[in-house]
Amino acid sequence: MSEWLPEDFVQRERQRVFEPDADFARRAVARIGQNGSVAEWVWDYVPSYARPMMAAAAMLLLALISFQWMTPAPFPDANVGIVDAYLQVDAAPAEEWLYRDDALPEGEDLLIEISMAGGLR
Amino acid sequence: MELDRELIVRARRGEAAAQEELVSRLAPLVFRLASRFYRSREDVEDAAQEAFSRFFLKIEQIRPDDNVSGWISRVTVNVCYDRLRKLRRERSAMEEFRAEPRARPAPWSDAYDDVRAAVDNLDARLRVPLLLKEIEGLSVKEVAAMMGLSQSNVKIRLYRARKKLAVALESRQPPALRGDVTEGTES
């Protein structure tokens, strides 16, 4: 018994119960068969408040990847996409070479090669 | 509610007949709980459908010895809670664009309608624990377990719900009856 809600209200509310119809179980199981995909299971673990932000981040990432992959670089001999090309605008040729070459020499040879490549900024 | 271990195992394996049997046995409990929060059969049935969808998505986590009724009760309450909050956000957004002022209920109408309207007007965060405690007759500990909250959090929500409800009812009663609603003590 409620200590502070009117007793009449409590009793009427307790009696106000809907019962499932005879076909409910069949309909519920049919819907489970339609909805039980892996994608829904993954989203189920993401809190509802974080979903819009995650969806926006995923869309942005996808758009950047598509843009990078599908758009040719602004200069013909570059083996990079337009996003990389944009980010590399400020790098000197020697810097690019320094970061990209996987067989760099050591010591004095390295300094020589850097100066040959045009030097660092 | 006693549920056959074999039934749970078969339902986990994805046997439609076992799933249907499980839904049939659990549906009265789910409908009763959902009826606390909605006034139309359609809303109750939608909530029940969603509760069973979520339940079967997580059925792999349920062991045959687990309290399946407790599981489905928690899922149902959480589904209703999420849906009520979503509905309230949608209503708030709609009301921003409403041209004419919102219709007010007739003053001092039937006492049941008054209390019901005041309860329906509460935020879902307060309304759900309130109805589980006062109408379903659950203890604070049971409400906390069902909603995934601490007991002190549930007590705070109940206290706030009572305060808001008392204020709402006070303003809707004729002056002669004001002061009838008193604050109860926590059990």
# chains A, B, ... in the order shown; residues from 1 in each chain; ligands from 1
$ residues_around --residues "B:Val115" --least-positions-apart "3" --cutoff "10 Å" --atoms "only C-alpha atoms" --output "list of chain:residue names"
A:Leu5, A:Pro6, A:Phe9, A:Val10, B:Asp110, B:Ala111, B:Tyr112, B:Ala118, B:Val119, B:Asp120, B:Asn121, B:Leu165, B:Ala166, B:Ala168, B:Leu169, B:Arg172
$ interface_residues --of "chain B" --to "chain A" --cutoff "6 Å" --atoms "only C-alpha atoms" --output "ChimeraX atom specification"
/B:20,23-24,32,35,49,53,112,134-135,184
$ write_last_selection --atoms "N, CA, C and O atoms" --output "PDB file, in the first residue's frame"
ATOM      1  N   GLU B  20       9.209 -18.936 -29.122  1.00  0.00           N
ATOM      2  CA  GLU B  20       7.781 -18.589 -29.042  1.00  0.00           C
ATOM      3  C   GLU B  20       7.199 -18.996 -27.692  1.00  0.00           C
ATOM      4  O   GLU B  20       6.425 -18.249 -27.086  1.00  0.00           O
ATOM      5  N   VAL B  23       8.452 -16.571 -25.075  1.00  0.00           N
ATOM      6  CA  VAL B  23       7.724 -15.291 -25.164  1.00  0.00           C
ATOM      7  C   VAL B  23       6.330 -15.446 -24.551  1.00  0.00           C
ATOM      8  O   VAL B  23       5.875 -14.590 -23.786  1.00  0.00           O
ATOM      9  N   SER B  24       5.665 -16.565 -24.871  1.00  0.00           N
ATOM     10  CA  SER B  24       4.311 -16.793 -24.337  1.00  0.00           C
ATOM     11  C   SER B  24       4.308 -16.778 -22.812  1.00  0.00           C
ATOM     12  O   SER B  24       3.401 -16.240 -22.182  1.00  0.00           O
ATOM     13  N   ARG B  32       2.411  -6.515 -18.075  1.00  0.00           N
ATOM     14  CA  ARG B  32       2.001  -5.886 -16.813  1.00  0.00           C
ATOM     15  C   ARG B  32       2.930  -4.718 -16.471  1.00  0.00           C
ATOM     16  O   ARG B  32       2.481  -3.641 -16.090  1.00  0.00           O
ATOM     17  N   SER B  35       2.417  -1.819 -18.829  1.00  0.00           N
ATOM     18  CA  SER B  35       1.131  -1.152 -18.582  1.00  0.00           C
ATOM     19  C   SER B  35       1.252  -0.052 -17.531  1.00  0.00           C
ATOM     20  O   SER B  35       0.427   0.862 -17.483  1.00  0.00           O
ATOM     21  N   GLN B  49       7.326  -5.611 -27.570  1.00  0.00           N
ATOM     22  CA  GLN B  49       8.054  -6.129 -28.745  1.00  0.00           C
ATOM     23  C   GLN B  49       9.528  -5.750 -28.654  1.00  0.00           C
ATOM     24  O   GLN B  49      10.410  -6.575 -28.894  1.00  0.00           O
ATOM     25  N   SER B  53      12.873  -8.088 -28.329  1.00  0.00           N
ATOM     26  CA  SER B  53      13.965  -7.988 -29.302  1.00  0.00           C
ATOM     27  C   SER B  53      15.294  -7.827 -28.576  1.00  0.00           C
ATOM     28  O   SER B  53      16.276  -8.513 -28.885  1.00  0.00           O
ATOM     29  N   TYR B 112      -8.706  10.800  -9.676  1.00  0.00           N
ATOM     30  CA  TYR B 112      -7.846   9.849 -10.363  1.00  0.00           C
ATOM     31  C   TYR B 112      -7.162  10.508 -11.557  1.00  0.00           C
ATOM     32  O   TYR B 112      -5.951  10.376 -11.749  1.00  0.00           O
ATOM     33  N   GLU B 134       5.603   2.545  -6.004  1.00  0.00           N
ATOM     34  CA  GLU B 134       4.280   2.762  -5.412  1.00  0.00           C
ATOM     35  C   GLU B 134       3.185   1.876  -6.012  1.00  0.00           C
ATOM     36  O   GLU B 134       2.270   1.497  -5.304  1.00  0.00           O
ATOM     37  N   ILE B 135       3.281   1.576  -7.306  1.00  0.00           N
ATOM     38  CA  ILE B 135       2.213   0.771  -7.926  1.00  0.00           C
ATOM     39  C   ILE B 135       2.616  -0.696  -8.011  1.00  0.00           C
ATOM     40  O   ILE B 135       1.846  -1.582  -7.672  1.00  0.00           O
ATOM     41  N   GLY B 184       5.433  11.220   2.306  1.00  0.00           N
ATOM     42  CA  GLY B 184       5.600   9.987   3.060  1.00  0.00           C
ATOM     43  C   GLY B 184       7.040   9.785   3.473  1.00  0.00           C
ATOM     44  O   GLY B 184       7.932  10.494   3.047  1.00  0.00           O
TER      45      GLY B 184
END
$ atom_distance --atom1 "atom CA of B:Glu42" --atom2 "atom CA of B:Val128"
19.1 Å
$ closest_residue --among "B:Pro129, B:Pro28, B:Gly14, B:Pro64" --to "B:Tyr81" --atoms "only C-alpha atoms"
B:Pro129
$ closest_residue --among "B:Ser150, B:Asn78, B:Gln19, B:Ser171" --to "B:Ala34" --atoms "only C-alpha atoms"
B:Asn78
